[in-house]
Protein chains: 2
Amino acid sequence: MKAEILCVGTEILLGDIVNTNAQFISRELASIGIDVYHQSVVGDNPKRLLEELTSSFKRVDIVVTSGGLGPTPDDLTKEIGAQFFKKKMILDQNTVDKLKNYFDKMGRSYLKGNNMKQAYFPEGCTIMENDHGTAPGCIINENGKILIVLPGPPRELKPMFLNSAGPFLKKYSSETIKSKILRLYGIGEGEMAQRIKELIDKSSNPTIAPYAKENDVTLRITARANTEKDALKLIKPLEDKVKNIFGDNIYGYGETSMEEVVAKILVERNLTISTAESCTGGLIAAKFINYPGISSVFLDGAVTYSNEAKMHRLNVKKETLDKFGAVSEETAREMAEGIAKTSGTDIGLSTTGIAGPDGGSEEKPVGLVYVGLYIKGDVFVKKLQLSGERNKVRNRAAVSAIDYLRRKLI
Amino acid sequence: MKAEILCVGTEILLGDIVNTNAQFISRELASIGIDVYHQSVVGDNPKRLLEELTSSFKRVDIVVTSGGLGPTPDDLTKEIGAQFFKKKMILDQNTVDKLKNYFDKMGRSYLKGNNMKQAYFPEGCTIMENDHGTAPGCIINENGKILIVLPGPPRELKPMFLNSAGPFLKKYSSETIKSKILRLYGIGEGEMAQRIKELIDKSSNPTIAPYAKENDVTLRITARANTEKDALKLIKPLEDKVKNIFGDNIYGYGETSMEEVVAKILVERNLTISTAESCTGGLIAAKFINYPGISSVFLDGAVTYSNEAKMHRLNVKKETLDKFGAVSEETAREMAEGIAKTSGTDIGLSTTGIAGPDGGSEEKPVGLVYVGLYIKGDVFVKKLQLSGERNKVRNRAAVSAIDYLRRKLI
């Protein structure tokens with residue numbers, strides 16, 4: 001099976017945004033055994049869009065588009081799809097009801113402007129619901145040609161592909177490709193690749209491939225087989241070898257995050273937590289609160305950016321701040337203990353550091369961060385020296401702090 | 001002037017990497033007045049590469065490629081370029097010398113493998129030196145058709161474009177393109193487009209185009225002129241019209257964010273602020289602290305997720321929580337006032353709401369958020385009904401709260 005990807009959006013051609021959709025769709029298609037031989041991008045221009053669609057369908061039987069589903073007059077992907085397949089555009093009452101409901105909730109009129117445009121679809125198509133936006137997608141399947149029309153915003157496109165388009169296309173592919181993703185923290189991409197170089201070279205089915213992301217590195221083990229069960233059976237022995245090599249550096253599997261992994265442990269063990277953040281400025285609390293079940297254990301958080309707040313909220317001693325400074329092992333320790341004790345939680349997690357760009361010195365350079373951790377009477381401190389600009393330092397400090405807690409809990 | 005971009009690389013089609021080269025080249029071409037109407041990606045496949053190159057040169061006179069310049073046998077971009085222009089491949093002695101020098105330095109033999117392949121170029125082309133790798137690029141300029149061949153790795157491609165390809169192409173463009181971006185909040189994409197539909201339709205130079213992003217909508221006004229000054233002069237009257245239409249909904253210009261705009265106002269006016277967050281769980285604090293200069297005015301933040309923390313940290317009255325509930329106008333009010341007074345700040349900003357997925361009721365549905373704002377003795381509360389899943393609600397609530405403060409400050 002072969003497919004082409006056609007992304008629609010003048011903002012991509014202007015270089016305003018990176019085309020991450022093409023990558024996502026390519027990877028997902030590969031995972032269900034469909035080869036992508038061509039990606040292209042055209043602007044919101046009906047003539048060029050139709051030309052490209054026509055060219056693509058000359059070469060392959062499956063075309064996946066992204067973008068051009070919105071309410072504005074230059075959003076035309078569905079309309080051009082209908083034109084290519086010689087279909088009329090038909091109003092879908094179910095979508096009308098949903099739009100009406102959505103706009104009622106927002107206190108705005110759904111009939112205003114072009115919103116109704118989003119409820120018209122090529123006759124006979126399958127509509128794919130959009131759980132994260134107002135524009136549904138659709139599938140036209142006619143005379144052996146399949147057109148999959150997805151929205152442009154990645155957070156709408158991804159779930160729609162995973163929930164609707166992917167399962168639909170899977171029926172057309174005889175091979176199953178199954179991947180397992182292992183997430184690592186506390187090890188660099190280079191070192192990881194080095195340690196498994198031999199495994200990478202020796203493995204063909206399953207394969208193993210490293211990927212580096214912003215804050216962590218991942219390993220993907222991929223097997224091809226006739227059934228999912230057979231693929232998983234192929235993956236297992238290689239996965240065990242990898243686990244053996246990296247141990248605690250592996251913090252999770254698949255689509256998860258450090259905070260989710262740790263939040264789950266806290267909820268499972270009913271360990272209450274509070275946070276006291278200086279340089280991370282609320283990021284740790286915000287990360288934990290991403291996890292819906294957290295409210296039973298996350299009781300309190302303080303963003304004590306000033307010395308006054310550190311003393312007033314956390315009972316950090318003035319002498320400690322005077323003698324060792326706000327960015328010190330001692331302050332981190334008192335912050336963690338202070339937040340846990342004033343909140344009455346089992347765990348207190350603190351950060352204090354220099355995120356930059358200013359405020360660094362020879363003794364305490366930008367990127368120096370102390371993580372304080374109070375667990376039921378014991379206090380631990382970890383010193384980090386992070387690189388990168390302000391937000392990278394802050395984000396790394398937040399993830400490192402949560403990882404530090406994880407390692408103490410497991 | 002029109003151009004197309006053709007990226008070569010199987011790793012892009014597999015979704016292993018994001019095609020950042022296409023974005024970079026698009027943006028650079030736009031800035032020198034060259035329109036990109038089409039981007040495409042093909043694998044390391046000579047037939048498809050030649051087809052795509054032929055299609056592109058039917059539509060435009062300039063094609064910029066990236067990738068396929070390496071030493072392996074499937075790196076074929078130069079060779080296919082030569083084939084298209086009916087040129088022989090000629091050994092370039094200067095490149096041979098450099099390769100030899102490079103590999104001598106590395107203690108490796110340059111004759112090993114296919115390294116010599118990188119020293120062959122289409123006859124009559126202009127060679128572009130590669131200061132960050134071994135594969136030079138080239139420009140073929142023949143019968144009004146220009147082919148720019150760049151390497152794939154971004155760190156090699158970018159300097160080669162900026163130092164060689166860009167200046168070469170600039171000679172062919174008499175125009176400068178200048179854009180101004182206006183950022184809006186509190187208005188939907190559909191409604192915005194509706195309100196300026198006439199302006200969009202009537203404008204050709206400058207043009208005006210709407211874009212929707214995660215949390216805000218933007219308008220881009222773009223003018224073409226002989227000089228940057230003339231382009232800016234063209235932009236001004238249209239910008240004034242747009243400002244007239246959207247007023248306070250415009251919160252900023254160019255690369256900025258809501259939190260940056262508000263943080264700057266706070267620092268300028270030396271207004272101190274503290275935050276008390278329930279459903280946004282530290283996001284508002286984290287957003288403010290993105291702004292490096294904030295430490296002089298952001299004094300304190302509380303993430304009071306539990307009722308106990310609301311009472312203990314913010315002096316929210318038990319009766320208020322009992323009578324009206326944690327998610328209520330009254331609690332939002334007491335939270336804002338409580339954090340400001342206990343921190344001694346001019347401003348206190350609070351949120352309390354139901355981010356979901358659980359916890360909603362008929363009376364207080366998921367997405368209901370109250371924003372409390374204390375400013376030097378006055379307290380204001382705004383009720384929001386937000387849609388979307390948990391993190392969308394939380395993020396929108398955080399941005400809306402900061403926007404609420406902005407509107408009170410301006």
# chains A, B, ... in the order shown; residues from 1 in each chain; ligands from 1

$ calpha_fit_rmsd --fixed "chain A" --moving "chain B"
6.4 Å

$ closest_residue --among "B:Lys170, B:Thr207, B:His38, B:Pro292" --to "Gly359 in chain A" --atoms "only C-alpha atoms"
B:Pro292

$ residues_around --residues "Lys98 in chain A" --least-positions-apart "3" --cutoff "12 Å" --atoms "only C-alpha atoms" --output "number ranges by chain"
A: 92-95, 101-105, 110, 115-116, 118-119, 129-131, 133-136

$ residues_around --residues "Ala326 in chain B" --least-positions-apart "2" --cutoff "9 Å" --atoms "only C-alpha atoms" --output "ChimeraX atom specification"
/B:306-307,310,320-322,324,328-332,352-353

$ residues_around --residues "Leu232 in chain B" --least-positions-apart "2" --cutoff "12 Å" --atoms "only C-alpha atoms" --output "short mmCIF file (atom, residue, chain, number, x, y, z; two decimals) with all heavy atoms, in the first residue's frame"
data_model
loop_
_atom_site.label_atom_id
_atom_site.label_comp_id
_atom_site.auth_asym_id
_atom_site.auth_seq_id
_atom_site.Cartn_x
_atom_site.Cartn_y
_atom_site.Cartn_z
N THR B 176 11.04 43.87 -1.88
CA THR B 176 11.17 43.50 -0.48
C THR B 176 9.79 43.19 0.05
O THR B 176 8.84 43.87 -0.30
CB THR B 176 11.77 44.66 0.33
OG1 THR B 176 13.12 44.84 -0.09
CG2 THR B 176 11.75 44.38 1.82
N ILE B 177 9.69 42.15 0.88
CA ILE B 177 8.41 41.85 1.51
C ILE B 177 8.53 42.08 2.99
O ILE B 177 9.48 41.62 3.63
CB ILE B 177 7.99 40.39 1.24
CG1 ILE B 177 7.83 40.20 -0.26
CG2 ILE B 177 6.69 40.07 1.95
CD1 ILE B 177 7.22 38.89 -0.65
N LYS B 178 7.58 42.83 3.53
CA LYS B 178 7.61 43.14 4.95
C LYS B 178 6.25 42.76 5.55
O LYS B 178 5.21 43.07 4.97
CB LYS B 178 7.86 44.64 5.11
CG LYS B 178 8.24 45.06 6.50
CD LYS B 178 9.65 44.69 6.86
CE LYS B 178 9.83 44.70 8.37
NZ LYS B 178 11.03 43.98 8.78
N SER B 179 6.29 42.07 6.69
CA SER B 179 5.03 41.69 7.34
C SER B 179 4.94 42.30 8.72
O SER B 179 5.94 42.51 9.38
CB SER B 179 4.95 40.17 7.50
OG SER B 179 4.69 39.58 6.27
N LYS B 180 3.72 42.58 9.13
CA LYS B 180 3.48 42.95 10.53
C LYS B 180 2.41 42.02 11.06
O LYS B 180 1.37 41.81 10.43
CB LYS B 180 3.04 44.41 10.61
CG LYS B 180 2.82 44.86 12.03
CD LYS B 180 3.16 46.32 12.23
CE LYS B 180 3.16 46.66 13.71
NZ LYS B 180 3.36 48.09 13.95
N ASN B 205 -2.19 44.89 -1.99
CA ASN B 205 -0.86 45.26 -1.48
C ASN B 205 -1.00 46.48 -0.60
O ASN B 205 -1.18 47.56 -1.11
CB ASN B 205 0.12 45.54 -2.61
CG ASN B 205 1.53 45.75 -2.11
OD1 ASN B 205 1.89 45.28 -1.05
ND2 ASN B 205 2.33 46.48 -2.87
N PRO B 206 -0.96 46.32 0.71
CA PRO B 206 -0.68 45.09 1.46
C PRO B 206 -1.87 44.13 1.46
O PRO B 206 -2.99 44.54 1.28
CB PRO B 206 -0.40 45.59 2.87
CG PRO B 206 -1.16 46.86 2.98
CD PRO B 206 -1.15 47.47 1.62
N ILE B 221 -0.32 41.43 8.19
CA ILE B 221 -0.41 42.40 7.10
C ILE B 221 0.93 42.37 6.36
O ILE B 221 1.98 42.53 6.97
CB ILE B 221 -0.68 43.83 7.62
CG1 ILE B 221 -1.96 43.82 8.47
CG2 ILE B 221 -0.79 44.81 6.47
CD1 ILE B 221 -2.23 45.15 9.15
N THR B 222 0.90 42.12 5.07
CA THR B 222 2.12 41.95 4.30
C THR B 222 2.15 42.89 3.10
O THR B 222 1.20 42.91 2.32
CB THR B 222 2.23 40.50 3.79
OG1 THR B 222 2.11 39.61 4.90
CG2 THR B 222 3.56 40.26 3.09
N ALA B 223 3.23 43.65 3.00
CA ALA B 223 3.35 44.59 1.88
C ALA B 223 4.59 44.28 1.05
O ALA B 223 5.60 43.83 1.58
CB ALA B 223 3.41 46.02 2.40
N ARG B 224 4.49 44.52 -0.22
CA ARG B 224 5.62 44.41 -1.13
C ARG B 224 5.98 45.80 -1.62
O ARG B 224 5.10 46.56 -2.02
CB ARG B 224 5.24 43.62 -2.38
CG ARG B 224 4.90 42.20 -2.13
CD ARG B 224 4.20 41.61 -3.35
NE ARG B 224 4.02 40.20 -3.11
CZ ARG B 224 4.87 39.26 -3.53
NH1 ARG B 224 5.93 39.58 -4.26
NH2 ARG B 224 4.66 38.00 -3.24
N ALA B 225 7.28 46.09 -1.60
CA ALA B 225 7.72 47.39 -2.11
C ALA B 225 9.19 47.28 -2.48
O ALA B 225 9.82 46.24 -2.28
CB ALA B 225 7.49 48.47 -1.06
N ASN B 226 9.72 48.38 -3.01
CA ASN B 226 11.13 48.35 -3.39
C ASN B 226 12.05 48.45 -2.18
O ASN B 226 13.14 47.91 -2.19
CB ASN B 226 11.45 49.48 -4.37
CG ASN B 226 10.81 49.21 -5.72
OD1 ASN B 226 10.67 48.06 -6.13
ND2 ASN B 226 10.40 50.27 -6.40
N THR B 227 11.59 49.15 -1.14
CA THR B 227 12.40 49.27 0.06
C THR B 227 11.54 48.89 1.27
O THR B 227 10.31 48.92 1.21
CB THR B 227 12.91 50.70 0.28
OG1 THR B 227 11.77 51.53 0.56
CG2 THR B 227 13.64 51.24 -0.95
N GLU B 228 12.22 48.57 2.36
CA GLU B 228 11.52 48.22 3.59
C GLU B 228 10.68 49.40 4.07
O GLU B 228 9.55 49.23 4.53
CB GLU B 228 12.55 47.84 4.65
CG GLU B 228 11.93 47.17 5.86
CD GLU B 228 12.97 46.63 6.84
OE1 GLU B 228 13.94 45.99 6.39
OE2 GLU B 228 12.81 46.88 8.04
N LYS B 229 11.23 50.59 3.92
CA LYS B 229 10.54 51.80 4.38
C LYS B 229 9.21 51.97 3.62
O LYS B 229 8.18 52.26 4.21
CB LYS B 229 11.46 53.01 4.14
CG LYS B 229 11.19 54.18 5.08
CD LYS B 229 12.16 55.30 4.82
CE LYS B 229 11.51 56.65 5.07
NZ LYS B 229 12.33 57.76 4.59
N ASP B 230 9.28 51.77 2.32
CA ASP B 230 8.06 51.90 1.51
C ASP B 230 7.04 50.84 1.91
O ASP B 230 5.83 51.11 1.94
CB ASP B 230 8.38 51.76 0.01
CG ASP B 230 9.12 52.99 -0.52
OD1 ASP B 230 9.15 54.01 0.20
OD2 ASP B 230 9.67 52.91 -1.63
N LEU B 234 3.18 51.35 3.39
CA LEU B 234 1.96 50.73 2.85
C LEU B 234 1.16 50.03 3.95
O LEU B 234 -0.08 50.00 3.91
CB LEU B 234 2.34 49.69 1.77
CG LEU B 234 2.81 50.23 0.42
CD1 LEU B 234 3.38 49.09 -0.43
CD2 LEU B 234 1.66 50.91 -0.32
N ILE B 235 1.87 49.46 4.92
CA ILE B 235 1.20 48.69 5.98
C ILE B 235 0.37 49.59 6.91
O ILE B 235 -0.72 49.24 7.31
CB ILE B 235 2.25 47.89 6.79
CG1 ILE B 235 2.78 46.71 5.94
CG2 ILE B 235 1.68 47.37 8.10
CD1 ILE B 235 3.93 45.93 6.56
N LYS B 236 0.93 50.76 7.22
CA LYS B 236 0.35 51.64 8.25
C LYS B 236 -1.16 51.89 8.13
O LYS B 236 -1.90 51.64 9.11
CB LYS B 236 1.14 52.97 8.27
CG LYS B 236 0.76 53.93 9.38
CD LYS B 236 1.32 53.50 10.72
CE LYS B 236 1.10 54.54 11.81
NZ LYS B 236 -0.27 54.92 12.09
N PRO B 237 -1.67 52.36 6.98
CA PRO B 237 -3.11 52.67 6.94
C PRO B 237 -4.00 51.44 7.17
O PRO B 237 -5.03 51.55 7.85
CB PRO B 237 -3.33 53.22 5.52
CG PRO B 237 -1.99 53.37 4.90
CD PRO B 237 -0.99 52.66 5.72
N LEU B 238 -3.59 50.29 6.65
CA LEU B 238 -4.39 49.08 6.84
C LEU B 238 -4.35 48.65 8.31
O LEU B 238 -5.36 48.24 8.88
CB LEU B 238 -3.88 47.96 5.92
CG LEU B 238 -4.71 46.68 5.89
CD1 LEU B 238 -6.15 46.96 5.50
CD2 LEU B 238 -4.11 45.67 4.90
N GLU B 239 -3.17 48.80 8.91
CA GLU B 239 -3.03 48.46 10.32
C GLU B 239 -3.96 49.34 11.17
O GLU B 239 -4.62 48.85 12.09
CB GLU B 239 -1.57 48.68 10.75
CG GLU B 239 -1.28 48.23 12.17
CD GLU B 239 0.10 48.64 12.65
OE1 GLU B 239 0.97 48.92 11.80
OE2 GLU B 239 0.30 48.69 13.87
#

$ atom_distance --atom1 "CA of Asp201 in chain B" --atom2 "CA of Thr72 in chain A"
12.1 Å

$ residues_around --residues "Ala309 in chain A" --least-positions-apart "3" --cutoff "12 Å" --atoms "only C-alpha atoms" --output "VMD selection string"
(chain A and resid 276 to 278 302 to 306 312 to 318 321 326 335 338 to 339) or (chain B and resid 274 298 to 302 313 339 to 340 342 to 345)

$ select_by_dssp --residues "range 94-224 of chain B" --states "strand (DSSP E or B)" --output "PyMOL selection string"
chain B and resi 120-122+126-128+137-142+145-150+176-184+207-212+217-224

$ closest_residue --among "A:Val366, A:Ile5, A:Ile410, A:Ile273" --to "Gly348 in chain A" --atoms "only C-alpha atoms"
A:Ile273

$ closest_residue --among "A:Tyr291, A:Phe246, A:Phe85, A:Phe57" --to "chain B" --atoms "only C-alpha atoms"
A:Tyr291

$ residues_around --residues "range 387-402 of chain B" --least-positions-apart "5" --cutoff "7 Å" --atoms "only C-alpha atoms" --output "number ranges by chain"
A: 132, 290; B: 215, 258-259, 279-280, 283-284, 355-357, 367, 369, 371

$ write_last_selection --atoms "C-alpha atoms" --output "compact mmCIF listing (two decimals), in the first residue's frame"
# COMPACT_ATOMS: atom_id res chain seq x y z
CA HIS A 132 -10.73 19.01 19.96
CA ASN A 290 -1.92 17.95 34.17
CA ASN B 215 -4.59 30.15 22.13
CA MET B 258 -0.01 37.55 26.41
CA GLU B 259 2.16 37.00 29.49
CA CYS B 279 -7.67 24.95 38.46
CA THR B 280 -4.75 26.54 36.57
CA LEU B 283 0.29 27.85 34.95
CA ILE B 284 -0.22 31.59 35.44
CA ALA B 355 -10.92 21.70 34.48
CA GLY B 356 -12.40 18.24 34.08
CA PRO B 357 -12.72 15.56 32.92
CA GLY B 367 -15.07 24.40 31.94
CA VAL B 369 -13.84 29.06 35.75
CA VAL B 371 -11.03 34.66 37.63

$ atom_distance --atom1 "CA of Arg59 in chain A" --atom2 "CA of Arg48 in chain B"
10.4 Å

$ closest_residue --among "A:Leu405, A:Ala285, A:Val149, A:Met1" --to "chain B" --atoms "only C-alpha atoms"
A:Ala285

$ atom_distance --atom1 "CA of Tyr253 in chain A" --atom2 "CA of Ile181 in chain A"
5.5 Å
